[in-house]
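**Student:** Contents of my_file39.cif (mmCIF, C-alpha atoms) are given next:
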data_input
loop_
_atom_site.label_atom_id
_atom_site.label_comp_id
_atom_site.auth_asym_id
_atom_site.auth_seq_id
_atom_site.Cartn_x
_atom_site.Cartn_y
_atom_site.Cartn_z
CA MET N 1 106.46 106.85 132.98
CA SER N 2 107.62 108.31 129.74
CA PRO N 3 110.81 110.39 129.86
CA VAL N 4 110.52 114.05 128.95
CA SER N 5 111.15 114.80 125.28
CA ARG N 6 113.97 117.35 125.41
CA GLY N 7 112.73 120.76 124.33
CA PHE N 8 109.13 119.71 123.80
CA LEU N 9 106.73 122.31 125.17
CA GLY N 10 103.56 121.27 123.39
CA HIS N 11 101.42 123.50 121.27
CA ARG N 12 98.33 123.03 123.37
CA ARG N 13 95.12 124.27 121.99
CA PRO N 14 92.43 125.10 124.49
CA VAL N 15 89.63 122.57 124.31
CA ALA N 16 86.33 123.93 125.61
CA ASP N 17 85.53 120.75 127.50
CA PRO N 18 88.68 118.63 127.92
CA SER N 19 86.67 115.95 129.73
CA ARG N 20 85.18 115.03 126.34
CA LEU N 21 88.58 114.24 124.83
CA PRO N 22 89.75 110.66 125.41
CA PRO N 23 93.44 110.04 126.28
CA GLY N 24 95.88 110.52 123.40
CA GLN N 25 93.34 112.29 121.19
CA TYR N 26 93.32 115.82 119.75
CA LEU N 27 90.39 117.90 118.62
CA GLU N 28 89.85 118.11 114.86
CA THR N 29 87.48 120.53 113.16
CA GLY N 30 87.67 119.03 109.65
CA PHE N 31 86.48 115.54 108.88
CA PRO N 32 89.44 113.38 107.88
CA VAL N 33 88.87 110.36 105.68
CA LEU N 34 90.52 106.98 106.16
CA SER N 35 89.87 103.86 104.19
CA ALA N 36 91.86 100.90 103.02
CA GLY N 37 90.71 100.92 99.41
CA PRO N 38 88.81 102.77 96.71
CA THR N 39 85.43 104.26 97.60
CA PRO N 40 82.62 101.96 96.42
CA HIS N 41 79.67 103.52 94.61
CA THR N 42 76.73 101.14 94.87
CA PRO N 43 73.61 102.42 93.06
CA LEU N 44 70.72 102.88 95.47
CA ASP N 45 68.47 100.57 93.46
CA GLU N 46 71.01 97.79 94.09
CA TRP N 47 71.45 98.65 97.76
CA SER N 48 69.78 96.72 100.55
CA PHE N 49 70.49 96.17 104.22
CA LEU N 50 70.54 92.58 105.47
CA ILE N 51 70.50 91.15 108.96
CA SER N 52 71.46 87.49 108.82
CA GLY N 53 73.57 84.79 110.45
CA GLU N 54 72.35 83.30 113.73
CA VAL N 55 68.79 84.60 113.40
CA ASP N 56 65.46 82.75 113.09
CA GLU N 57 64.65 84.59 109.87
CA PRO N 58 67.02 86.88 107.99
CA VAL N 59 65.50 90.25 107.18
CA SER N 60 66.45 92.75 104.51
CA TRP N 61 65.33 96.20 103.46
CA PRO N 62 65.82 97.79 100.05
CA TRP N 63 66.92 101.44 100.17
CA LYS N 64 63.45 102.96 99.97
CA GLU N 65 62.07 100.71 102.69
CA PHE N 66 65.10 101.39 104.85
CA LEU N 67 64.36 105.11 104.69
CA GLU N 68 60.81 104.39 105.84
CA LEU N 69 62.02 102.80 109.07
CA PRO N 70 61.69 105.04 112.15
CA SER N 71 64.80 107.22 112.20
CA GLU N 72 66.60 109.22 114.85
CA GLN N 73 68.72 112.37 114.82
CA VAL N 74 71.79 112.08 117.00
CA THR N 75 74.58 114.47 117.96
CA VAL N 76 77.68 112.64 119.12
CA ASP N 77 81.43 112.98 119.60
CA ILE N 78 83.53 110.67 117.43
CA HIS N 79 87.06 109.38 118.03
CA CYS N 80 89.41 107.95 115.39
CA VAL N 81 92.26 105.62 116.34
CA THR N 82 94.58 107.86 114.27
CA LYS N 83 94.23 110.34 117.19
CA TRP N 84 91.65 112.86 116.00
CA SER N 85 88.34 113.42 117.73
CA LYS N 86 85.47 115.53 116.45
CA PHE N 87 82.77 116.91 118.72
CA ASP N 88 79.06 117.38 118.11
CA THR N 89 78.69 115.55 114.81
CA HIS N 90 75.08 115.42 113.56
CA TRP N 91 73.70 112.26 112.02
CA LYS N 92 70.37 110.80 110.99
CA GLY N 93 69.79 107.09 110.78
CA VAL N 94 68.04 104.03 112.08
CA SER N 95 68.88 102.75 115.54
CA VAL N 96 70.20 99.19 115.59
CA ASP N 97 67.57 98.61 118.32
CA THR N 98 64.88 99.39 115.72
CA LEU N 99 66.47 96.96 113.24
CA PHE N 100 66.72 94.23 115.86
CA GLU N 101 62.97 94.49 116.62
CA HIS N 102 62.59 92.61 113.32
CA ILE N 103 64.73 89.60 114.27
CA ASN N 104 64.89 86.89 116.85
CA SER N 105 68.40 85.89 117.89
CA GLU N 106 70.35 84.80 120.93
CA ALA N 107 73.71 85.52 119.30
CA ALA N 108 76.11 87.58 121.41
CA TYR N 109 78.30 88.98 118.61
CA LEU N 110 77.96 90.40 115.15
CA THR N 111 80.03 91.30 112.13
CA ALA N 112 79.21 94.39 110.11
CA TRP N 113 80.04 93.81 106.44
CA CYS N 114 80.34 96.38 103.71
CA ASP N 115 80.64 97.14 100.03
CA GLY N 116 84.35 96.98 99.23
CA GLY N 117 84.88 93.98 101.49
CA TYR N 118 85.46 95.70 104.83
CA THR N 119 84.26 93.99 108.01
CA THR N 120 84.33 94.78 111.72
CA ASN N 121 83.17 92.78 114.72
CA LEU N 122 81.21 93.98 117.72
CA PRO N 123 79.68 92.47 120.83
CA ARG N 124 75.92 92.75 120.51
CA GLU N 125 75.66 94.63 123.79
CA HIS N 126 77.78 97.41 122.25
CA VAL N 127 75.28 98.16 119.49
CA THR N 128 72.02 97.90 121.46
CA ASP N 129 70.32 100.12 124.05
CA GLY N 130 70.77 103.28 122.02
CA LYS N 131 74.49 102.81 121.32
CA ALA N 132 74.54 102.38 117.52
CA TRP N 133 72.81 103.44 114.32
CA VAL N 134 72.92 102.82 110.60
CA ALA N 135 73.33 106.45 109.53
CA TYR N 136 72.50 107.84 106.09
CA GLU N 137 72.62 111.60 106.68
CA TYR N 138 75.45 113.75 107.99
CA ASP N 139 74.87 117.38 108.88
CA GLY N 140 71.47 117.35 107.20
CA GLN N 141 72.81 116.04 103.87
CA PRO N 142 72.90 112.56 102.34
CA LEU N 143 76.04 110.88 103.64
CA HIS N 144 78.87 111.51 101.16
CA PRO N 145 80.45 108.36 99.65
CA GLU N 146 83.89 109.29 101.03
CA HIS N 147 82.39 109.25 104.51
CA GLY N 148 80.62 105.95 103.98
CA GLY N 149 77.46 106.82 102.05
CA PRO N 150 74.89 105.74 101.22
CA ALA N 151 74.96 104.40 104.80
CA ARG N 152 77.48 103.63 107.50
CA LEU N 153 77.36 102.10 110.91
CA LEU N 154 77.68 104.68 113.69
CA VAL N 155 79.02 103.38 117.01
CA PRO N 156 80.35 106.59 118.53
CA HIS N 157 81.45 105.17 121.89
CA LEU N 158 84.10 103.03 120.17
CA TYR N 159 87.00 104.07 117.90
CA PHE N 160 85.63 105.03 114.53
CA TRP N 161 86.93 102.02 112.57
CA LYS N 162 84.02 100.18 114.22
CA SER N 163 81.64 102.62 112.51
CA ALA N 164 81.93 100.71 109.25
CA LYS N 165 81.53 102.78 106.08
CA TRP N 166 79.37 101.49 103.18
CA VAL N 167 77.73 99.02 105.55
CA ARG N 168 75.35 96.57 103.91
CA GLY N 169 74.51 94.18 106.69
CA LEU N 170 75.00 92.74 110.14
CA THR N 171 75.75 89.05 110.50
CA LEU N 172 74.97 87.74 113.99
CA THR N 173 77.44 85.18 115.29
CA VAL N 174 77.71 82.93 118.32
CA ASP N 175 81.47 83.44 118.53
CA ASP N 176 83.42 86.67 118.29
CA GLU N 177 85.11 86.71 114.87
CA PRO N 178 87.74 89.43 114.31
CA GLY N 179 87.06 91.75 111.39
CA PHE N 180 89.39 93.52 108.96
CA TRP N 181 91.49 95.78 111.18
CA GLU N 182 91.02 93.50 114.18
CA ASN N 183 92.92 90.86 112.17
CA TYR N 184 95.71 93.36 111.49
CA GLY N 185 96.47 93.96 115.16
CA TYR N 186 93.96 96.61 116.10
CA HIS N 187 92.12 96.13 119.38
CA ASN N 188 89.18 93.76 119.36
CA LEU N 189 86.83 96.21 121.12
CA GLY N 190 88.39 99.68 120.72
CA ASP N 191 87.14 101.71 123.67
CA PRO N 192 88.75 105.17 123.27
CA TRP N 193 88.37 105.98 126.98
CA LEU N 194 90.54 102.94 127.78
CA GLU N 195 92.81 103.82 124.83
CA GLN N 196 92.31 100.38 123.33
CA ARG N 197 94.03 101.15 120.03
CA TYR N 198 95.96 97.96 119.37
CA GLN N 199 95.87 94.37 120.50
CA GLY N 200 96.97 94.13 124.13
CA ASP N 201 96.15 97.77 124.99
CA MET E 1 91.61 84.74 108.83
CA ALA E 2 93.36 82.89 111.62
CA ARG E 3 93.76 84.60 114.95
CA ALA E 4 97.26 83.19 115.20
CA ALA E 5 98.31 85.75 112.59
CA LEU E 6 97.85 88.57 115.08
CA PRO E 7 101.02 90.36 116.12
CA GLY E 8 101.90 90.68 119.76
CA ARG E 9 101.28 93.62 122.03
CA LEU E 10 102.72 96.92 120.86
CA THR E 11 104.84 98.36 123.63
CA TRP E 12 106.33 101.85 123.78
CA GLN E 13 110.08 101.89 123.25
CA LEU E 14 112.74 104.57 123.41
CA VAL E 15 115.05 104.68 120.42
CA SER E 16 118.06 106.91 119.80
CA VAL E 17 118.12 109.50 117.07
CA VAL E 18 121.21 108.60 115.03
CA ASP E 19 120.99 111.26 112.34
CA LEU E 20 118.67 113.80 110.77
CA VAL E 21 118.69 114.22 107.00
CA GLU E 22 117.19 117.31 105.41
CA GLU E 23 115.22 116.02 102.43
CA THR E 24 113.56 119.31 101.48
CA SER E 25 113.13 122.65 103.26
CA ARG E 26 110.08 121.28 105.06
CA THR E 27 110.93 117.61 105.33
CA LYS E 28 113.47 115.64 107.32
CA SER E 29 114.27 111.99 107.61
CA LEU E 30 114.73 110.84 111.19
CA VAL E 31 117.33 108.09 111.23
CA LEU E 32 116.67 106.02 114.35
CA ALA E 33 118.17 103.01 116.05
CA ARG E 34 116.16 99.93 115.17
CA PRO E 35 113.49 99.24 117.77
CA ASP E 36 113.29 95.81 119.33
CA TRP E 37 110.37 94.46 117.30
CA PRO E 38 110.23 90.64 117.39
CA GLY E 39 108.87 90.25 113.86
CA GLY E 40 110.57 93.28 112.29
CA TYR E 41 108.28 95.27 110.05
CA ARG E 42 106.99 95.39 106.50
CA SER E 43 107.14 98.13 103.89
CA GLY E 44 104.10 100.36 104.16
CA GLN E 45 103.60 100.09 107.91
CA HIS E 46 103.68 103.05 110.29
CA VAL E 47 104.57 103.89 113.89
CA ASP E 48 103.02 105.97 116.63
CA VAL E 49 105.35 108.60 118.08
CA ARG E 50 104.71 109.99 121.55
CA LEU E 51 106.14 113.22 122.96
CA THR E 52 106.10 114.15 126.65
CA ALA E 53 106.48 117.68 128.08
CA GLU E 54 108.04 118.52 131.47
CA ASP E 55 104.63 118.61 133.15
CA GLY E 56 103.66 115.20 131.82
CA TYR E 57 101.54 116.47 128.93
CA GLN E 58 101.69 114.01 126.02
CA VAL E 59 100.78 113.93 122.35
CA GLN E 60 100.87 111.10 119.84
CA ARG E 61 100.92 111.07 116.05
CA SER E 62 101.41 108.40 113.38
CA TYR E 63 104.25 108.45 110.83
CA SER E 64 104.95 106.14 107.92
CA ILE E 65 108.16 104.16 107.88
CA ALA E 66 110.46 105.27 105.05
CA SER E 67 113.17 102.64 105.40
CA ALA E 68 113.07 99.07 104.12
CA PRO E 69 112.75 96.21 106.62
CA GLU E 70 116.31 95.06 105.90
CA ASP E 71 117.87 98.51 106.45
CA ASP E 72 120.21 99.05 109.40
CA HIS E 73 118.12 101.89 110.83
CA LEU E 74 114.47 102.75 111.15
CA VAL E 75 113.79 105.89 109.16
CA LEU E 76 110.73 108.12 109.47
CA THR E 77 110.35 110.96 107.00
CA VAL E 78 108.38 113.82 108.49
CA GLU E 79 106.94 116.87 106.77
CA ARG E 80 106.60 119.96 108.95
CA LEU E 81 102.99 121.08 109.17
CA ASP E 82 103.15 124.69 110.33
CA ASP E 83 100.08 124.39 112.53
CA GLY E 84 101.06 120.94 113.75
CA GLU E 85 102.05 120.01 117.26
CA VAL E 86 104.41 117.09 116.71
CA SER E 87 105.94 117.58 113.26
CA PRO E 88 107.51 121.02 113.99
CA TYR E 89 109.25 119.46 117.00
CA LEU E 90 110.49 116.48 115.01
CA VAL E 91 111.75 118.63 112.13
CA ASP E 92 113.09 121.68 114.01
CA VAL E 93 113.96 120.67 117.58
CA LEU E 94 114.96 117.02 117.63
CA GLN E 95 118.73 116.44 117.49
CA PRO E 96 121.00 113.44 117.04
CA GLY E 97 121.53 111.84 120.45
CA ASP E 98 117.99 112.58 121.60
CA GLU E 99 115.67 109.71 122.31
CA LEU E 100 112.27 109.28 120.74
CA GLU E 101 109.43 107.21 122.15
CA LEU E 102 107.51 105.14 119.64
CA ARG E 103 105.59 101.93 119.16
CA GLY E 104 104.80 99.80 116.16
CA PRO E 105 104.80 98.47 113.59
CA ILE E 106 101.17 99.37 112.92
CA GLY E 107 98.93 98.41 110.00
CA GLY E 108 99.19 95.30 107.90
CA TYR E 109 97.10 95.96 104.81
CA PHE E 110 98.91 98.83 103.09
CA VAL E 111 102.07 96.73 102.79
CA TRP E 112 104.04 95.24 99.96
CA GLU E 113 106.45 92.36 100.09
CA GLU E 114 107.87 90.23 97.33
CA SER E 115 105.41 87.40 97.86
CA LEU E 116 102.55 89.71 96.88
CA GLY E 117 104.06 90.03 93.41
CA GLY E 118 103.20 92.66 90.85
CA PRO E 119 103.40 94.53 88.59
CA LEU E 120 103.77 97.04 91.40
CA VAL E 121 102.10 100.39 90.76
CA LEU E 122 102.83 103.13 93.29
CA ILE E 123 100.99 106.43 93.24
CA GLY E 124 102.05 109.08 95.73
CA GLY E 125 100.95 112.63 96.43
CA GLY E 126 103.24 114.89 98.49
CA SER E 127 104.55 113.18 101.61
CA GLY E 128 102.39 110.20 100.63
CA VAL E 129 105.50 109.01 98.82
CA VAL E 130 107.09 107.98 102.13
CA PRO E 131 105.65 104.45 102.52
CA LEU E 132 106.03 103.94 98.74
CA ARG E 133 109.75 104.69 99.07
CA SER E 134 109.96 101.95 101.68
CA MET E 135 108.37 99.57 99.17
CA LEU E 136 110.81 100.65 96.42
CA ARG E 137 113.82 100.18 98.70
CA HIS E 138 112.52 96.78 99.68
CA TRP E 139 111.89 95.90 96.04
CA SER E 140 115.47 96.92 95.14
CA GLY E 141 116.72 94.24 97.51
CA THR E 142 114.76 91.49 95.75
CA ASP E 143 115.70 89.81 92.48
CA ARG E 144 113.79 92.66 90.80
CA SER E 145 111.65 90.37 88.70
CA VAL E 146 108.56 92.42 89.57
CA ALA E 147 108.04 95.46 87.31
CA VAL E 148 107.56 98.72 89.21
CA ARG E 149 105.98 102.00 88.19
CA LEU E 150 105.84 105.07 90.42
CA VAL E 151 103.99 108.33 89.85
CA TYR E 152 104.84 111.00 92.38
CA SER E 153 102.81 114.18 92.36
CA VAL E 154 104.31 117.18 94.10
CA ARG E 155 104.01 120.94 93.77
CA ARG E 156 107.53 121.76 92.64
CA LEU E 157 110.88 120.10 92.05
CA SER E 158 112.34 121.47 95.30
CA GLU E 159 109.66 119.56 97.24
CA VAL E 160 110.52 116.17 95.77
CA ILE E 161 111.62 113.90 98.62
CA TYR E 162 114.27 111.21 97.82
CA HIS E 163 114.87 112.83 94.40
CA ASP E 164 118.22 111.28 93.58
CA GLU E 165 117.36 107.89 95.03
CA LEU E 166 114.16 107.73 93.01
CA LEU E 167 116.01 108.73 89.82
CA GLY E 168 118.47 105.96 90.59
CA TYR E 169 115.67 103.39 90.67
CA GLY E 170 114.36 104.86 87.42
CA ALA E 171 117.61 103.92 85.73
CA LEU E 172 117.08 100.24 86.51
CA ASP E 173 115.46 97.77 84.14
CA GLY E 174 111.78 97.24 84.76
CA VAL E 175 111.34 100.49 86.67
CA ASP E 176 109.40 103.53 85.49
CA ILE E 177 109.60 106.59 87.74
CA ARG E 178 107.56 109.66 86.86
CA PHE E 179 107.23 113.00 88.60
CA ALA E 180 104.20 115.23 88.15
CA LEU E 181 104.88 118.85 89.14
CA THR E 182 101.56 120.52 89.82
CA ARG E 183 102.46 124.18 90.49
CA GLU E 184 105.83 125.07 88.95
CA TRP E 185 108.28 123.34 86.69
CA PRO E 186 111.60 124.18 85.09
CA ASP E 187 111.44 125.42 81.47
CA ASP E 188 113.12 122.26 80.25
CA TRP E 189 110.99 119.92 82.42
CA GLN E 190 110.47 116.63 80.64
CA GLY E 191 108.05 115.13 83.14
CA ARG E 192 104.40 115.79 83.69
CA ARG E 193 103.37 119.43 83.94
CA GLY E 194 100.30 119.74 86.14
CA ARG E 195 98.22 117.32 88.10
CA ILE E 196 97.91 113.67 87.25
CA ASP E 197 94.79 112.86 85.26
CA ARG E 198 92.80 109.88 84.16
CA ALA E 199 94.88 109.29 81.01
CA LEU E 200 98.16 109.29 82.96
CA LEU E 201 96.73 106.90 85.53
CA GLU E 202 95.45 104.54 82.84
CA ASP E 203 98.90 104.57 81.25
CA VAL E 204 100.74 103.93 84.50
CA GLY E 205 98.19 101.42 85.73
CA GLY E 206 98.63 99.39 82.54
CA PRO E 207 96.11 96.84 81.40
CA PRO E 208 93.84 95.55 84.17
CA SER E 209 94.47 92.05 82.81
CA ALA E 210 98.04 92.34 84.16
CA LYS E 211 96.50 92.45 87.66
CA PRO E 212 98.86 95.02 89.13
CA ARG E 213 99.20 95.57 92.85
CA VAL E 214 98.36 99.24 93.32
CA TYR E 215 99.24 101.39 96.33
CA VAL E 216 97.96 104.96 96.50
CA CYS E 217 98.99 107.31 99.30
CA GLY E 218 98.48 111.02 99.68
CA PRO E 219 95.95 113.70 100.54
CA ASN E 220 92.40 112.45 100.50
CA ALA E 221 91.25 114.20 97.33
CA PHE E 222 94.31 112.90 95.46
CA VAL E 223 93.73 109.33 96.61
CA GLU E 224 90.01 109.51 95.91
CA SER E 225 90.62 110.62 92.31
CA ALA E 226 93.47 108.26 91.56
CA ALA E 227 91.82 105.18 93.04
CA GLY E 228 88.50 106.06 91.40
CA TRP E 229 90.07 106.41 87.93
CA LEU E 230 91.81 103.07 88.26
CA VAL E 231 88.57 101.33 89.28
CA GLU E 232 86.77 102.95 86.34
CA ALA E 233 89.57 101.76 84.06
CA GLY E 234 88.71 98.20 85.08
CA HIS E 235 91.20 97.48 87.84
CA ASP E 236 90.01 95.17 90.60
CA PRO E 237 89.24 97.37 93.67
CA SER E 238 90.53 94.63 95.94
CA ARG E 239 94.02 95.05 94.42
CA ILE E 240 94.07 98.79 95.10
CA ARG E 241 95.21 99.67 98.61
CA THR E 242 94.98 103.21 99.86
CA GLU E 243 96.31 105.34 102.66
CA ARG E 244 94.88 108.83 103.06
CA PHE E 245 95.61 111.87 105.15
CA GLY E 246 93.95 115.20 105.74
CA PRO E 247 90.33 116.32 105.82
CA THR E 248 87.88 116.39 102.97
CA GLY E 249 86.97 119.72 101.48
CA THR E 250 83.33 119.15 102.21
#
Let me see the file written as structure tokens.
**Tutor:**
Amino acid sequence: MSPVSRGFLGHRRPVADPSRLPPGQYLETGFPVLSAGPTPHTPLDEWSFLISGEVDEPVSWPWKEFLELPSEQVTVDIHCVTKWSKFDTHWKGVSVDTLFEHINSEAAYLTAWCDGGYTTNLPREHVTDGKAWVAYEYDGQPLHPEHGGPARLLVPHLYFWKSAKWVRGLTLTVDDEPGFWENYGYHNLGDPWLEQRYQGD
Amino acid sequence: MARAALPGRLTWQLVSVVDLVEETSRTKSLVLARPDWPGGYRSGQHVDVRLTAEDGYQVQRSYSIASAPEDDHLVLTVERLDDGEVSPYLVDVLQPGDELELRGPIGGYFVWEESLGGPLVLIGGGSGVVPLRSMLRHWSGTDRSVAVRLVYSVRRLSEVIYHDELLGYGALDGVDIRFALTREWPDDWQGRRGRIDRALLEDVGGPPSAKPRVYVCGPNAFVESAAGWLVEAGHDPSRIRTERFGPTGT
């Protein structure tokens, strides 16, 4: 049990549905930006999305073909490890299930890799069965570069560092290989409902 | 990267508030007893602070470490955000002798230590100067063979945090400290009047061939512009590390 902070009353804001707010989070109405380096600006004619690694045949889609894949509109709550959550965010993108229809693989893990060098690792079961998308629209507009455009991974049930900005591919792996923040002490999975912020949480 | 490099579990610890230093009218430095962190910490890292009300209600926020790893105390410099929940408590209510619950150190990318070399280019906007001050303090304890340049953008002179300390560094060989005052400046102000721009950044960044280590911290729009100009000037994006706060305007 934490001791009481002398004189701290809290400045509680009513949250319409507190059951949607994971422990230790607060509701944010803006859309904060976090990234470890400069924002990359890859021209769309040089952009492609690649699924590779432990697959029978790697598959890749140039930008225009990627947009022709069946897409979905999703409205989800997102949770950043820096404590903010944002409810009812609207995205359009391609479900990872749709992408995986094009490959054959037994691999249990994957690494999302990105322009700018960022990576993050995920168990395959956390991006399949309607749990993850490669999103290219936010709120009906092309995804802004600061928020990860042209496309970012969207894995809303995990802390948002798993929703890799500027994503360019998924590499399937037999073993779980920690990504960028996972190597700097952040939790390997990052379930906000279990408050898995840092290693050991 | 090797898994062995991972730090251990981050546990919550209570530390005593030793002193509170008013840096500006809105900003205080919290001087805290050093937490029991097995590996210490590195300049640029941050901590999570947790407050608990009588009824058990808790909130957490992250704050950058302002002190250098070799300092006697852990110092957090906190700017009061008027609509905030934690910063008004830390700035207005907390007193010496109180205890504060925190855990850390957190983050391992936005860090500088001597082995990373330089030239070291630090670009701070507002309270984004806090982790950069930790780097400068740490640098001052080295043999100072790495050249350092700091640009610190702030609205007015009265909002400059660590003013005298930063001027002190500026008097040292190999150090270039510049303030950019964006809203108001004294009539005789010799520094930059107005926001930083591409030309200033190119000057401070120096030639890309010198391969500086660049750290940019501040509000998102500030970081986006500064980092973008440096990349366009030819600096290697992988040598530019950023830390951002606040929402985008869009």
**Student:** Starting from the displayed file, determine the output of the PyMOL selection byres ((chain E and resi 202) around 10) and express the residue list as a list in words.
**Tutor:** Asp197, Arg198, Ala199, Leu200, Leu201, Asp203, Val204, Gly205, Gly206, Pro207, Pro208, Ala226, Trp229, Leu230, Val231, Glu232, Ala233, Gly234 and His235 of chain E
**Student:** What is the distance, in Å and to one decimal place, between CA of Gln25 (chain N) and CA of Ser134 (chain E)?
**Tutor:**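 Rounded to one decimal, the two atoms are 27.6 Å apart.
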**Student:** Determine the residue set returned by the PyMOL selection byres ((chain N and resi 8-14) around 6) for the present structure, and present it as a count of residues only.
**Tutor:** 6
**Student:** Starting from the PyMOL selection byres ((chain E and resi 213) around 9), expand the selection into actual residues of this file and give them as a ChimeraX atom specification.
**Tutor:** /E:112,116-122,211-212,214-215,239-241
**Student:** Could you write out as an mmCIF file with C-alpha atoms, in the frame of the given file the residues of chain N within 6 Å of chain E, counting only C-alpha atoms?
**Tutor:**
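Saved the output as out_3.cif:
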data_model
loop_
_atom_site.group_PDB
_atom_site.id
_atom_site.type_symbol
_atom_site.label_atom_id
_atom_site.label_comp_id
_atom_site.auth_asym_id
_atom_site.auth_seq_id
_atom_site.Cartn_x
_atom_site.Cartn_y
_atom_site.Cartn_z
ATOM 1 C CA VAL N 4 110.520 114.050 128.950
ATOM 2 C CA SER N 5 111.150 114.800 125.280
ATOM 3 C CA PHE N 8 109.130 119.710 123.800
ATOM 4 C CA LEU N 9 106.730 122.310 125.170
ATOM 5 C CA HIS N 11 101.420 123.500 121.270
ATOM 6 C CA GLY N 30 87.670 119.030 109.650
ATOM 7 C CA PHE N 31 86.480 115.540 108.880
ATOM 8 C CA PRO N 32 89.440 113.380 107.880
ATOM 9 C CA LEU N 34 90.520 106.980 106.160
ATOM 10 C CA ALA N 36 91.860 100.900 103.020
ATOM 11 C CA GLY N 37 90.710 100.920 99.410
ATOM 12 C CA PRO N 38 88.810 102.770 96.710
ATOM 13 C CA TYR N 184 95.710 93.360 111.490
ATOM 14 C CA GLY N 185 96.470 93.960 115.160
ATOM 15 C CA GLN N 199 95.870 94.370 120.500
ATOM 16 C CA GLY N 200 96.970 94.130 124.130
#
**Student:** Using only C-alpha atoms, which residue out of N:Asp115, N:Glu125, N:Asp176, N:Asp201 lies closest to Gly149 (chain N)?
**Tutor:**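 Ranked by minimum distance to Gly149 (chain N), first place goes to N:Asp115.
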**Student:** N:Ala107, N:Pro18, N:Gly148, N:Val96: which is nearest Ala132 (chain N), counting only C-alpha atoms?
**Tutor:**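 Closest candidate: N:Val96.
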**Student:** Tell me which protein, DNA and RNA residues are within 8 Å of Leu122 (chain N), counting only C-alpha atoms, leaving out same-chain ones fewer than 6 positions away, and put them as a ChimeraX atom specification.
**Tutor:** /N:109-112,162,176,189
**Student:** For the selection just defined, write its residues with C-alpha atoms to a file, as a PDB file, in the coordinates of the input.
**Tutor:**
ATOM      1  CA  TYR N 109      78.300  88.980 118.610  1.00  0.00           C
ATOM      2  CA  LEU N 110      77.960  90.400 115.150  1.00  0.00           C
ATOM      3  CA  THR N 111      80.030  91.300 112.130  1.00  0.00           C
ATOM      4  CA  ALA N 112      79.210  94.390 110.110  1.00  0.00           C
ATOM      5  CA  LYS N 162      84.020 100.180 114.220  1.00  0.00           C
ATOM      6  CA  ASP N 176      83.420  86.670 118.290  1.00  0.00           C
ATOM      7  CA  LEU N 189      86.830  96.210 121.120  1.00  0.00           C
TER       8      LEU N 189
END
**Student:** Between CA of Asp36 (chain E) and CA of Pro69 (chain E), what is the distance, to one decimal in Å?
**Tutor:**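 These two atoms are separated by 12.7 Å.
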**Student:** Do you know which residues are at most 12 Å from His144 (chain N) counting all atoms listed in the file, after dropping those on the same chain fewer than 4 positions away, and could you put them as a list in words?
**Tutor:** Phe31, Val33, Thr39, Pro40, His41, Ala135, Tyr136, Glu137, Tyr138, Asp139, Gly140, Gly148, Gly149, Pro150, Ala151, Arg152, Lys165 and Trp166 of chain N; Thr248, Gly249 and Thr250 of chain E
**Student:** At what distance in Å, to one decimal, does CA of Arg197 (chain N) lie from CA of Trp181 (chain N)?
**Tutor:**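 Interatomic distance, CA of Trp181 (chain N) to CA of Arg197 (chain N): 10.7 Å.
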**Student:** Write out as a ChimeraX atom specification which residues come within 8 Å of Thr27 (chain E) when counting all atoms listed in the file, dropping same-chain ones fewer than 5 positions away.
**Tutor:** /E:22,77-80,91,161
**Student:** Can you tell me, as a ChimeraX atom specification, what residues are no more than 8 Å from Trp84 (chain N) when counting all atoms listed in the file, ignoring any on the same chain fewer than 5 positions away?
**Tutor:** /N:25-28,79
**Student:** List the neighbours of Ser105 (chain N) out to 7 Å using only C-alpha atoms; skip same-chain residues closer than 4 positions along the sequence, and give me the result as a list in words.
**Tutor:**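 Skipping anything fewer than 4 positions along the chain leaves Glu54, Val55 and Asp56 of chain N.
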**Student:** Smallest atom-to-atom distance to Gly53 (chain N): which of N:Val167, N:Ile78, N:Val155, N:Ile103, using only C-alpha atoms?
**Tutor:**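 Ranked by minimum distance to Gly53 (chain N), first place goes to N:Ile103.
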**Student:** With N, CA and C atoms as the goal, would you fill in the gaps in region 120-125 of chain E and present it as a compact mmCIF listing (two decimals), keeping the file's coordinate frame?
**Tutor:**
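Okay, part_35.txt is ready:
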# COMPACT_ATOMS: atom_id res chain seq x y z
N LEU E 120 103.98 96.17 90.27
CA LEU E 120 103.77 97.04 91.40
C LEU E 120 103.56 98.47 90.89
N VAL E 121 102.42 99.03 91.19
CA VAL E 121 102.10 100.39 90.76
C VAL E 121 101.95 101.26 92.00
N LEU E 122 102.80 102.28 92.11
CA LEU E 122 102.83 103.13 93.29
C LEU E 122 102.45 104.54 92.89
N ILE E 123 101.48 105.10 93.58
CA ILE E 123 100.99 106.43 93.24
C ILE E 123 101.01 107.27 94.51
N GLY E 124 101.87 108.29 94.52
CA GLY E 124 102.05 109.08 95.73
C GLY E 124 101.79 110.55 95.49
N GLY E 125 101.15 111.19 96.46
CA GLY E 125 100.95 112.63 96.43
C GLY E 125 101.63 113.26 97.63
